[in-house]
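Visitor: As input, take protein05.csv (CSV, C-alpha atoms):
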chain,number,residue,atom,x,y,z
A,1,MET,CA,-34.3,47.8,-26.2
A,2,ALA,CA,-36.1,45.8,-23.6
A,3,VAL,CA,-37.6,42.5,-24.5
A,4,ASP,CA,-40.7,41.5,-22.8
A,5,LEU,CA,-40.3,38.0,-21.4
A,6,PRO,CA,-43.0,35.8,-19.9
A,7,GLU,CA,-42.7,35.4,-16.2
A,8,ASN,CA,-41.2,31.8,-16.2
A,9,VAL,CA,-38.5,32.6,-18.7
A,10,PHE,CA,-35.1,34.1,-17.8
A,11,MET,CA,-31.9,34.8,-19.7
A,12,THR,CA,-28.5,33.4,-18.9
A,13,GLN,CA,-25.2,32.3,-20.5
A,14,LEU,CA,-24.7,28.8,-21.8
A,15,ASP,CA,-21.5,28.5,-19.7
A,16,ALA,CA,-23.4,29.5,-16.5
A,17,ALA,CA,-26.2,27.1,-17.2
A,18,ALA,CA,-23.8,24.2,-17.8
A,19,ASN,CA,-21.8,25.0,-14.7
A,20,TRP,CA,-24.9,25.2,-12.6
A,21,ALA,CA,-26.0,21.8,-13.8
A,22,ARG,CA,-22.6,20.2,-13.5
A,23,SER,CA,-21.7,21.6,-10.1
A,24,ASN,CA,-25.0,20.4,-8.6
A,25,SER,CA,-24.9,16.9,-9.9
A,26,LEU,CA,-21.3,15.8,-9.3
A,27,TRP,CA,-21.1,12.0,-9.5
A,28,PRO,CA,-18.2,10.9,-7.3
A,29,MET,CA,-15.9,8.0,-8.0
A,30,PRO,CA,-14.9,6.8,-4.5
A,31,PHE,CA,-11.3,5.7,-4.7
A,32,ALA,CA,-11.2,4.8,-1.0
A,33,THR,CA,-8.1,2.8,0.1
A,34,ALA,CA,-7.9,3.6,3.8
A,35,CYS,CA,-9.6,5.2,6.8
A,36,CYS,CA,-10.5,8.3,4.8
A,37,GLY,CA,-12.9,5.9,2.9
A,38,ILE,CA,-14.8,5.4,6.2
A,39,GLU,CA,-15.3,9.2,6.5
A,40,LEU,CA,-16.3,9.3,2.9
A,41,MET,CA,-19.0,6.7,3.6
A,42,ALA,CA,-20.1,8.7,6.6
A,43,THR,CA,-20.3,11.7,4.4
A,44,GLY,CA,-22.6,9.8,2.1
A,45,ALA,CA,-24.7,8.4,5.0
A,46,SER,CA,-27.8,10.0,6.4
A,47,ARG,CA,-26.3,12.1,9.2
A,48,HIS,CA,-24.1,14.3,6.9
A,49,ASP,CA,-25.9,13.4,3.7
A,50,ILE,CA,-23.9,14.5,0.7
A,51,ALA,CA,-27.1,14.3,-1.2
A,52,ARG,CA,-27.9,17.8,0.0
A,53,PHE,CA,-25.2,18.9,-2.5
A,54,GLY,CA,-26.3,16.7,-5.3
A,55,ALA,CA,-23.2,14.4,-5.1
A,56,GLU,CA,-24.8,11.3,-3.6
A,57,VAL,CA,-24.6,9.1,-6.7
A,58,MET,CA,-21.4,7.2,-5.9
A,59,ARG,CA,-20.6,5.2,-9.0
A,60,PHE,CA,-18.1,2.3,-9.0
A,61,SER,CA,-17.5,2.6,-12.7
A,62,PRO,CA,-15.2,5.5,-13.7
A,63,ARG,CA,-17.1,5.8,-16.9
A,64,GLN,CA,-20.1,7.1,-15.2
A,65,CYS,CA,-18.3,9.6,-12.9
A,66,ASP,CA,-17.1,13.2,-13.1
A,67,LEU,CA,-15.5,13.6,-9.6
A,68,LEU,CA,-12.6,11.4,-8.4
A,69,ILE,CA,-12.2,11.4,-4.7
A,70,VAL,CA,-8.9,9.9,-3.7
A,71,ALA,CA,-9.5,8.9,-0.1
A,72,GLY,CA,-6.5,7.2,1.5
A,73,ARG,CA,-2.9,6.4,0.8
A,74,VAL,CA,-1.9,5.2,-2.6
A,75,VAL,CA,0.9,2.7,-2.9
A,76,MET,CA,3.2,2.2,-5.9
A,77,LYS,CA,1.3,-0.9,-6.9
A,78,MET,CA,-2.0,1.0,-6.9
A,79,LEU,CA,-0.9,4.1,-8.7
A,80,PRO,CA,-1.1,2.7,-12.2
A,81,VAL,CA,-4.7,1.7,-11.3
A,82,LEU,CA,-5.5,5.2,-10.1
A,83,GLN,CA,-4.1,6.7,-13.3
A,84,ARG,CA,-6.1,4.4,-15.4
A,85,ILE,CA,-9.3,5.2,-13.6
A,86,TRP,CA,-8.6,8.9,-14.0
A,87,LEU,CA,-8.0,8.4,-17.7
A,88,GLN,CA,-11.2,6.3,-18.0
A,89,MET,CA,-13.4,9.1,-16.6
A,90,PRO,CA,-15.3,11.1,-19.2
A,91,GLU,CA,-14.9,14.9,-19.5
A,92,PRO,CA,-15.5,17.2,-17.8
A,93,LYS,CA,-14.0,15.7,-14.6
A,94,TRP,CA,-12.5,16.9,-11.4
A,95,CYS,CA,-10.3,15.4,-8.6
A,96,ILE,CA,-10.4,15.8,-4.9
A,97,SER,CA,-7.4,14.6,-2.9
A,98,MET,CA,-8.9,13.8,0.5
A,99,GLY,CA,-6.8,13.4,3.6
A,100,ALA,CA,-3.1,13.8,4.5
A,101,CYS,CA,-2.0,10.6,2.8
A,102,ALA,CA,-3.5,11.3,-0.6
A,103,CYS,CA,-2.2,14.9,-0.4
A,104,THR,CA,1.4,14.2,0.9
A,105,GLY,CA,1.8,10.6,1.8
A,106,GLY,CA,1.1,11.5,5.5
A,107,VAL,CA,3.1,9.5,8.0
A,108,PHE,CA,3.7,6.8,5.5
A,109,ASP,CA,7.1,7.9,4.2
A,110,THR,CA,8.2,4.5,3.1
A,111,TYR,CA,9.5,2.9,-0.1
A,112,ALA,CA,6.0,1.8,-1.3
A,113,VAL,CA,3.8,4.8,-0.6
A,114,VAL,CA,3.4,7.6,-3.2
A,115,GLN,CA,4.1,10.9,-1.5
A,116,GLY,CA,1.0,12.7,-2.8
A,117,VAL,CA,-1.2,11.7,-5.7
A,118,ASP,CA,-0.8,15.2,-7.2
A,119,ARG,CA,2.6,14.1,-8.4
A,120,PHE,CA,1.0,11.9,-11.0
A,121,ILE,CA,-2.6,13.0,-11.6
A,122,PRO,CA,-4.0,16.5,-11.7
A,123,VAL,CA,-5.8,17.5,-8.5
A,124,ASP,CA,-8.3,20.3,-8.2
A,125,LEU,CA,-8.9,20.5,-4.5
A,126,TYR,CA,-7.1,19.2,-1.4
A,127,VAL,CA,-8.9,18.3,1.8
A,128,PRO,CA,-6.5,18.2,4.7
A,129,GLY,CA,-7.1,16.1,7.9
A,130,CYS,CA,-6.2,12.7,9.2
A,131,PRO,CA,-8.9,11.7,8.4
A,132,PRO,CA,-10.9,14.8,7.5
A,133,ARG,CA,-14.3,15.1,9.2
A,134,PRO,CA,-17.3,14.8,6.9
A,135,GLU,CA,-18.0,18.5,7.4
A,136,GLN,CA,-14.5,19.2,6.0
A,137,LEU,CA,-15.2,17.1,2.9
A,138,LEU,CA,-18.6,18.8,2.4
A,139,ARG,CA,-16.8,22.1,2.7
A,140,GLY,CA,-14.4,20.9,0.1
A,141,LEU,CA,-17.3,19.9,-2.1
A,142,ILE,CA,-18.8,23.4,-1.8
A,143,GLU,CA,-15.5,24.9,-2.7
A,144,LEU,CA,-15.3,22.7,-5.7
A,145,GLN,CA,-18.8,23.7,-6.8
A,146,ASP,CA,-17.7,27.3,-6.4
A,147,LYS,CA,-14.7,26.7,-8.5
A,148,ILE,CA,-16.7,25.0,-11.2
A,149,LYS,CA,-19.2,27.8,-11.3
A,150,LYS,CA,-16.5,30.4,-11.5
A,151,THR,CA,-14.1,28.9,-14.0
A,152,GLY,CA,-16.0,26.3,-15.9
A,153,THR,CA,-17.0,26.6,-19.5
A,154,PHE,CA,-19.5,24.8,-21.6
A,155,THR,CA,-16.9,23.2,-23.9
A,156,GLY,CA,-14.4,22.6,-21.0
A,157,HIS,CA,-11.6,24.4,-22.8
A,158,GLU,CA,-10.2,25.7,-19.5
A,159,PHE,CA,-8.8,22.2,-18.9
A,160,GLY,CA,-6.8,22.3,-22.1
A,161,LYS,CA,-4.7,25.2,-20.7
A,162,ARG,CA,-3.4,23.1,-17.9
A,163,THR,CA,-0.5,21.5,-19.9
A,164,LEU,CA,2.1,21.5,-17.1
A,165,PRO,CA,2.3,19.1,-14.1
A,166,GLU,CA,0.7,20.9,-11.2
A,167,GLY,CA,2.0,18.9,-8.2
A,168,PRO,CA,5.5,18.7,-6.8
A,169,LEU,CA,8.2,17.1,-9.0
A,170,PRO,CA,8.0,13.3,-8.7
A,171,MET,CA,11.5,13.1,-7.2
A,172,ALA,CA,11.5,16.3,-5.2
A,173,ALA,CA,14.8,18.1,-4.6
A,174,ASP,CA,13.9,17.9,-0.9
A,175,GLU,CA,13.8,14.1,-1.1
A,176,ILE,CA,17.2,13.9,-2.7
A,177,ARG,CA,18.6,16.2,0.0
A,178,ARG,CA,17.1,14.1,2.8
A,179,SER,CA,18.5,10.8,1.4
A,180,LYS,CA,22.0,12.4,1.1
A,181,GLN,CA,21.8,13.6,4.7
A,182,GLU,CA,20.8,10.1,5.8
A,183,GLN,CA,23.7,8.6,3.9
A,184,LEU,CA,26.1,11.0,5.6
A,185,LEU,CA,24.7,10.1,9.0
A,186,PHE,CA,25.0,6.4,8.2
A,187,GLN,CA,28.7,6.9,7.2
A,188,ALA,CA,29.3,8.8,10.4
A,189,ASP,CA,27.9,5.8,12.3
A,190,GLU,CA,30.2,3.4,10.5
A,191,GLN,CA,33.4,5.3,11.5
B,192,MET,CA,7.7,-36.7,27.0
B,193,THR,CA,8.2,-33.1,26.1
B,194,ILE,CA,8.8,-32.1,22.5
B,195,GLU,CA,12.4,-31.2,23.3
B,196,GLU,CA,13.0,-34.7,24.6
B,197,GLN,CA,11.4,-36.2,21.5
B,198,LEU,CA,13.6,-34.2,19.3
B,199,VAL,CA,16.8,-35.0,21.2
B,200,GLN,CA,15.9,-38.7,21.2
B,201,LYS,CA,15.5,-38.6,17.4
B,202,PHE,CA,18.3,-36.3,16.3
B,203,GLY,CA,20.7,-36.1,19.2
B,204,ALA,CA,21.4,-33.3,21.6
B,205,ASN,CA,24.0,-31.6,19.3
B,206,ALA,CA,21.5,-30.8,16.6
B,207,PHE,CA,19.6,-28.2,18.7
B,208,GLU,CA,19.8,-25.2,20.7
B,209,PHE,CA,16.7,-24.9,22.9
B,210,SER,CA,15.3,-22.0,24.8
B,211,GLN,CA,12.1,-21.2,26.5
B,212,PHE,CA,10.0,-18.3,27.8
B,213,ARG,CA,6.8,-19.4,29.6
B,214,ASP,CA,5.0,-21.6,27.1
B,215,ASN,CA,7.1,-20.3,24.2
B,216,HIS,CA,9.4,-23.2,23.1
B,217,ARG,CA,12.1,-22.4,20.7
B,218,ALA,CA,14.5,-24.7,18.8
B,219,VAL,CA,17.4,-23.5,16.6
B,220,VAL,CA,18.5,-26.1,14.1
B,221,ALA,CA,21.2,-26.2,11.4
B,222,ILE,CA,20.0,-25.7,7.8
B,223,ASP,CA,21.2,-29.3,6.9
B,224,CYS,CA,18.7,-31.1,9.1
B,225,LEU,CA,15.9,-28.5,8.9
B,226,LEU,CA,13.7,-30.5,6.5
B,227,SER,CA,14.1,-33.8,8.4
B,228,VAL,CA,13.3,-32.1,11.7
B,229,LEU,CA,10.2,-30.4,10.3
B,230,THR,CA,9.1,-33.7,8.6
B,231,PHE,CA,9.4,-35.4,12.0
B,232,LEU,CA,7.5,-32.6,13.7
B,233,LYS,CA,4.7,-32.8,11.2
B,234,ASN,CA,4.4,-36.6,10.8
B,235,ASP,CA,5.3,-38.0,14.2
B,236,ALA,CA,5.0,-35.1,16.8
B,237,GLY,CA,1.6,-33.9,15.6
B,238,PHE,CA,2.5,-30.3,14.6
B,239,ASP,CA,-0.2,-30.3,11.9
B,240,GLN,CA,-0.5,-26.6,11.4
B,241,LEU,CA,2.1,-24.2,10.1
B,242,SER,CA,1.1,-20.8,11.6
B,243,ASP,CA,3.7,-18.7,10.0
B,244,ILE,CA,7.0,-18.5,8.2
B,245,THR,CA,9.0,-15.3,8.6
B,246,ALA,CA,12.6,-14.2,8.5
B,247,VAL,CA,14.9,-11.8,10.2
B,248,ASP,CA,17.8,-9.9,8.7
B,249,TYR,CA,20.7,-9.7,11.2
B,250,LEU,CA,22.9,-7.3,9.2
B,251,ASP,CA,24.9,-5.1,11.6
B,252,PHE,CA,23.2,-6.8,14.6
B,253,PRO,CA,25.6,-7.0,17.6
B,254,ASP,CA,27.2,-10.5,18.0
B,255,ALA,CA,25.2,-11.9,15.1
B,256,VAL,CA,27.1,-14.6,13.1
B,257,ASP,CA,24.7,-15.3,10.3
B,258,ARG,CA,22.9,-12.9,8.0
B,259,PHE,CA,19.3,-14.3,7.9
B,260,GLY,CA,17.2,-16.2,10.3
B,261,VAL,CA,14.2,-18.1,9.0
B,262,VAL,CA,11.5,-18.8,11.5
B,263,TYR,CA,8.8,-21.5,11.4
B,264,ILE,CA,6.0,-21.2,13.9
B,265,LEU,CA,4.2,-24.5,14.3
B,266,LEU,CA,1.0,-25.4,16.1
B,267,ASN,CA,-0.3,-28.8,17.3
B,268,THR,CA,-4.0,-28.4,17.1
B,269,GLN,CA,-4.6,-31.5,19.3
B,270,THR,CA,-2.7,-30.3,22.3
B,271,GLY,CA,-2.4,-26.6,21.6
B,272,GLU,CA,1.4,-26.7,21.8
B,273,ARG,CA,3.4,-24.3,19.9
B,274,LEU,CA,7.0,-24.6,18.7
B,275,ILE,CA,9.2,-22.1,17.0
B,276,VAL,CA,11.9,-23.6,14.8
B,277,LYS,CA,14.6,-21.3,13.6
B,278,THR,CA,17.5,-21.7,11.2
B,279,PHE,CA,20.1,-19.5,9.7
B,280,VAL,CA,21.2,-18.9,6.1
B,281,ASN,CA,23.8,-16.6,4.5
B,282,ASP,CA,24.6,-14.5,1.5
B,283,PRO,CA,25.3,-14.7,-1.4
B,284,HIS,CA,22.5,-17.2,-2.2
B,285,PRO,CA,20.3,-17.7,0.9
B,286,GLU,CA,18.3,-20.8,0.3
B,287,VAL,CA,16.2,-23.1,2.5
B,288,PRO,CA,14.3,-26.2,1.5
B,289,SER,CA,10.6,-25.6,0.8
B,290,VAL,CA,8.1,-27.2,3.3
B,291,PHE,CA,5.3,-27.0,0.7
B,292,SER,CA,5.3,-30.8,0.6
B,293,LEU,CA,4.5,-30.9,4.3
B,294,TRP,CA,2.1,-28.0,4.8
B,295,ARG,CA,0.2,-26.7,1.7
B,296,GLY,CA,-0.2,-23.4,3.5
B,297,ALA,CA,3.5,-22.8,3.2
B,298,ASP,CA,2.9,-21.7,-0.4
B,299,TRP,CA,2.1,-18.0,0.1
B,300,LEU,CA,4.1,-17.7,3.3
B,301,GLU,CA,7.3,-18.8,1.5
B,302,ARG,CA,6.5,-16.5,-1.4
B,303,GLU,CA,6.2,-13.6,1.0
B,304,VAL,CA,9.5,-14.3,2.6
B,305,PHE,CA,11.1,-14.6,-0.8
B,306,ASP,CA,9.5,-11.3,-1.8
B,307,MET,CA,10.6,-9.3,1.2
B,308,PHE,CA,14.0,-10.9,2.0
B,309,GLY,CA,15.1,-12.6,-1.2
B,310,ILE,CA,15.5,-16.0,0.5
B,311,SER,CA,14.7,-18.7,-2.1
B,312,PHE,CA,12.9,-21.9,-1.2
B,313,LYS,CA,14.2,-25.0,-3.0
B,314,GLY,CA,11.4,-27.1,-4.3
B,315,HIS,CA,8.7,-24.4,-4.1
B,316,PRO,CA,6.2,-25.0,-7.0
B,317,ASP,CA,5.7,-21.3,-7.9
B,318,LEU,CA,8.2,-19.0,-6.3
B,319,ARG,CA,7.4,-15.5,-7.4
B,320,ARG,CA,6.7,-12.1,-5.8
B,321,ILE,CA,3.4,-12.0,-3.9
B,322,LEU,CA,3.1,-8.4,-2.5
B,323,MET,CA,5.5,-6.2,-4.5
B,324,PRO,CA,4.9,-5.6,-8.3
B,325,GLU,CA,6.6,-8.1,-10.5
B,326,GLU,CA,9.0,-5.6,-12.0
B,327,PHE,CA,10.3,-4.6,-8.5
B,328,THR,CA,14.0,-5.7,-8.3
B,329,ALA,CA,14.9,-5.1,-4.6
B,330,PHE,CA,14.0,-7.0,-1.4
B,331,PRO,CA,12.6,-4.2,0.8
B,332,LEU,CA,12.8,-5.8,4.2
B,333,ARG,CA,16.6,-6.3,4.0
B,334,LYS,CA,18.5,-4.0,6.3
B,335,ASP,CA,20.7,-2.7,3.5
B,336,TYR,CA,17.6,-1.4,1.6
B,337,PRO,CA,16.8,2.2,2.4
B,338,LEU,CA,13.6,3.0,4.2
B,339,ARG,CA,12.4,5.4,1.5
B,340,GLY,CA,13.4,3.1,-1.3
B,341,ARG,CA,15.5,3.8,-4.3
B,342,GLY,CA,13.0,6.0,-6.1
B,343,GLU,CA,10.7,3.2,-7.1
B,344,ARG,CA,7.7,4.9,-5.6
B,345,HIS,CA,8.1,7.9,-7.9
B,346,ASN,CA,9.0,6.1,-11.1
B,347,PHE,CA,5.7,6.7,-13.0
B,348,PRO,CA,4.6,8.9,-15.8
B,349,VAL,CA,3.0,12.3,-14.8
B,350,ILE,CA,-0.4,12.9,-16.3
B,351,THR,CA,-1.2,16.5,-16.9
B,352,ARG,CA,-4.8,17.8,-17.0
B,353,ALA,CA,-4.6,18.8,-20.7
B,354,GLU,CA,-3.7,15.3,-21.9
B,355,SER,CA,-6.2,13.4,-19.7
Translate the structure described by the file into C-alpha cells.
Guide:
Amino acid sequence: MAVDLPENVFMTQLDAAANWARSNSLWPMPFATACCGIELMATGASRHDIARFGAEVMRFSPRQCDLLIVAGRVVMKMLPVLQRIWLQMPEPKWCISMGACACTGGVFDTYAVVQGVDRFIPVDLYVPGCPPRPEQLLRGLIELQDKIKKTGTFTGHEFGKRTLPEGPLPMAADEIRRSKQEQLLFQADEQ
Amino acid sequence: MTIEEQLVQKFGANAFEFSQFRDNHRAVVAIDCLLSVLTFLKNDAGFDQLSDITAVDYLDFPDAVDRFGVVYILLNTQTGERLIVKTFVNDPHPEVPSVFSLWRGADWLEREVFDMFGISFKGHPDLRRILMPEEFTAFPLRKDYPLRGRGERHNFPVITRAES
C-alpha cells in the first residue's frame, strides 16, 4: 500500500535520524597534553578545517562535549583527571585515542607514563602516528562518524553491552615478563 | 682575589677540593661546613642568585665513596661569575641543611630534590612532594628504583563503557 507523500517529506528510522545528527555535530573535548595537541589545533585551524565534518566546536568543559580526543601522553598524576573528565561527559559519548603515546605510551616507557589510556577508559578509535598528521585525524573522525552511523541507536543501549574492559590488562603479562628478564640481567651483572 | 682564594682565606685549604674547566669553577665541601660556606658566598662574596639545586645518586658508580652528591649552582649577578658547590651525604637518612633562609628560591628546588632523591632538608619550611602525587612512596631518581617503576603507573581502577 503506497502512501503518497509530499515532495519535501521522507521516511526514516529514529535511530538513523539520531545517528545522522550526532555524527555530524560531534563536539570534541580536546585533552591535549603534548605535541599531538598541536596537530589537533592544526586540524581545527583553517587549512585542514575540522568544521567541514561538523566537529569544530571544541569545548573546554566536558559537560558540553560528546567526543573525548586524548592527544598526547598521560602520566599517572593526570590519569585520575582524565577518568574524571570522561565520567563528567554526558551520554552519548565517544573517545578517540590520538597518537602513539595515548595509544601505547609511545617511547615513554617510564615509571610515570601510562602505557595506553585504553587500559583505564574505553576507547572507540585509535589514530596512530607520532604525531598523526591532521589528515589522519580527519580520517579517524570520518571512521568514527561511520561507526556511529552503523552501530548507534537512539537510546544508546549499544553502550550498555560493553561491560568488559576493552584495552590490555593494566599490568600486562608482557610487562611482568620484561621486568623479570631485566632482573635476571641485573643479577648476571652483579656476579 | 679569585673566589677560590677568598674561600681558602676564610675556611682554610683543607675544607675544599677545587676543580675547574674553562669558566666552570667547582668546589667540593664537607657537609659540616656547607651552610657556613654558602652563607659566606651569599653575604660576603656576592653570589646573590641560586640557579639550581640538584643531586646525583652514585650507587654502583666506580670509585664512588658516598651515595648522594648534592649540587648547588650559584651565580653572581654583578660579575657574572658562577660557582658550583657540591657536598656528599649518605644513607640511611641523607640530610643537608636547608638554604631557604639564604635564597628564598631554594623552596621549590629543595622540594624537587626531596621528591626525586629522598634527601631531606633540615629547616625547610614546607618539605613535601612537588612533582609526584602525594601518595607516591618511592624516590624515582634513585638508582635502585626500576626505570619502569613498581607498578604505580598502572594502579588505577578500570572504567568500562557500560558503567561510565
Visitor: Restrict the calculation to all atoms listed in the file, then for each residue of chain B with any atom at most 6 Å from an atom of chain A give the closest atom pair and their distance in Å to one decimal, rows by chain and rising residue number, as a tab-separated table.
Guide:
residue	atom	partner	partner_atom	distance
B:Leu338	CA	A:Thr110	CA	5.7
B:Arg339	CA	A:Tyr111	CA	4.1
B:Gly340	CA	A:Tyr111	CA	4.1
B:Arg344	CA	A:Met76	CA	5.3
B:His345	CA	A:Pro170	CA	5.5
B:Val349	CA	A:Phe120	CA	4.3
B:Ile350	CA	A:Ile121	CA	5.2
B:Thr351	CA	A:Pro165	CA	5.2
B:Arg352	CA	A:Pro122	CA	5.5
B:Ala353	CA	A:Gly160	CA	4.4
B:Ser355	CA	A:Leu87	CA	5.7
Visitor: Would you list the contacts of region 192-204 of chain B as JSON, numbers by chain, taking every protein, DNA or RNA residue within 9 Å and counting only C-alpha atoms, but skipping same-chain residues closer than 4 positions in sequence?
Guide: {"B": [208, 209, 216, 218, 224, 228, 231, 232, 236, 274]}
Visitor: Provide the CA of Thr278 (chain B) to CA of Thr245 (chain B) distance in Å, to one decimal place.
Guide: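 Between CA of Thr278 (chain B) and CA of Thr245 (chain B) the gap works out to 11.0 Å.
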Visitor: List as JSON, numbers by chain the protein and nucleic acid residues near Ala42 (chain A), meaning an atom at most 12 Å away when all atoms listed in the file are counted, but skip any in the same chain fewer than 5 places from it.
Guide: {"A": [35, 36, 37, 47, 48, 49, 50, 51, 56, 131, 132, 133, 134, 135, 136, 137, 138]}
Visitor: Grab the CA of Asp335 (chain B) to CA of Gly309 (chain B) distance for me, in Å with one decimal place.
Guide: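 Distance between the two atoms: 12.3 Å.
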Visitor: Could you give me, as a PDB file with C-alpha atoms, in the frame of the given file, the residues within 10 Å of region 239-244 of chain B, counting only C-alpha atoms and dropping anything in the same chain fewer than 3 positions from it?
Guide:
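The new file selection24.pdb reads:
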ATOM      1  CA  LEU B 232       7.500 -32.600  13.700  1.00  0.00           C
ATOM      2  CA  LYS B 233       4.700 -32.800  11.200  1.00  0.00           C
ATOM      3  CA  ASN B 234       4.400 -36.600  10.800  1.00  0.00           C
ATOM      4  CA  ASP B 235       5.300 -38.000  14.200  1.00  0.00           C
ATOM      5  CA  ALA B 236       5.000 -35.100  16.800  1.00  0.00           C
ATOM      6  CA  VAL B 261      14.200 -18.100   9.000  1.00  0.00           C
ATOM      7  CA  VAL B 262      11.500 -18.800  11.500  1.00  0.00           C
ATOM      8  CA  TYR B 263       8.800 -21.500  11.400  1.00  0.00           C
ATOM      9  CA  ILE B 264       6.000 -21.200  13.900  1.00  0.00           C
ATOM     10  CA  LEU B 265       4.200 -24.500  14.300  1.00  0.00           C
ATOM     11  CA  LEU B 266       1.000 -25.400  16.100  1.00  0.00           C
ATOM     12  CA  ASN B 267      -0.300 -28.800  17.300  1.00  0.00           C
ATOM     13  CA  THR B 268      -4.000 -28.400  17.100  1.00  0.00           C
ATOM     14  CA  GLN B 269      -4.600 -31.500  19.300  1.00  0.00           C
ATOM     15  CA  ARG B 273       3.400 -24.300  19.900  1.00  0.00           C
ATOM     16  CA  LEU B 274       7.000 -24.600  18.700  1.00  0.00           C
ATOM     17  CA  ILE B 275       9.200 -22.100  17.000  1.00  0.00           C
ATOM     18  CA  VAL B 276      11.900 -23.600  14.800  1.00  0.00           C
ATOM     19  CA  LYS B 277      14.600 -21.300  13.600  1.00  0.00           C
ATOM     20  CA  VAL B 290       8.100 -27.200   3.300  1.00  0.00           C
ATOM     21  CA  LEU B 293       4.500 -30.900   4.300  1.00  0.00           C
ATOM     22  CA  TRP B 294       2.100 -28.000   4.800  1.00  0.00           C
ATOM     23  CA  ARG B 295       0.200 -26.700   1.700  1.00  0.00           C
ATOM     24  CA  GLY B 296      -0.200 -23.400   3.500  1.00  0.00           C
ATOM     25  CA  ALA B 297       3.500 -22.800   3.200  1.00  0.00           C
ATOM     26  CA  TRP B 299       2.100 -18.000   0.100  1.00  0.00           C
ATOM     27  CA  LEU B 300       4.100 -17.700   3.300  1.00  0.00           C
ATOM     28  CA  GLU B 301       7.300 -18.800   1.500  1.00  0.00           C
ATOM     29  CA  ARG B 302       6.500 -16.500  -1.400  1.00  0.00           C
ATOM     30  CA  GLU B 303       6.200 -13.600   1.000  1.00  0.00           C
ATOM     31  CA  VAL B 304       9.500 -14.300   2.600  1.00  0.00           C
TER      32      VAL B 304
END
Visitor: Nearest to Ala221 (chain B): which of B:Phe291, B:Phe279, B:Tyr249, B:Phe238 is it, counting all atoms listed in the file?
Guide: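 Residue with the minimum atom-to-atom distance to Ala221 (chain B): B:Phe279.
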Visitor: Between CA of Gly54 (chain A) and CA of Val81 (chain A), what distance in Å does the model show, to one decimal?
Guide: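 Atom-to-atom, CA of Gly54 (chain A) and CA of Val81 (chain A) are spaced 27.0 Å apart.
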Visitor: I'd like the neighbourhood of Arg320 (chain B) as a list in words, where a residue qualifies if any of its atoms comes within 9 Å (using all atoms listed in the file), though same-chain residues fewer than 3 positions away should be ignored.
Guide: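 Selected residues are Arg302, Glu303, Phe305, Asp306, Met307, Met323, Pro324, Glu325 and Phe327 of chain B.
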Visitor: Considering all atoms listed in the file, can you say which of B:Asn215, B:Ser210, B:Asn205, B:Asn346 comes closest to Gly271 (chain B)?
Guide: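 Between B:Asn215, B:Ser210, B:Asn205, B:Asn346, the residue approaching Gly271 (chain B) most closely is B:Asn215.
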Visitor: Set the distance at 9 Å and use only C-alpha atoms: which residues neighbour region 281-289 of chain B once local chain neighbours fewer than 6 positions away are removed? I'd like the list as a count of residues only.
Guide: 19
Visitor: From the set A:Phe53, A:Phe31, A:Trp20, A:Phe154, which residue has the shortest atom-to-atom contact distance to Arg139 (chain A), counting only C-alpha atoms?
Guide: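 Looking only at the distances to Arg139 (chain A), the closest residue turns out to be A:Phe53.
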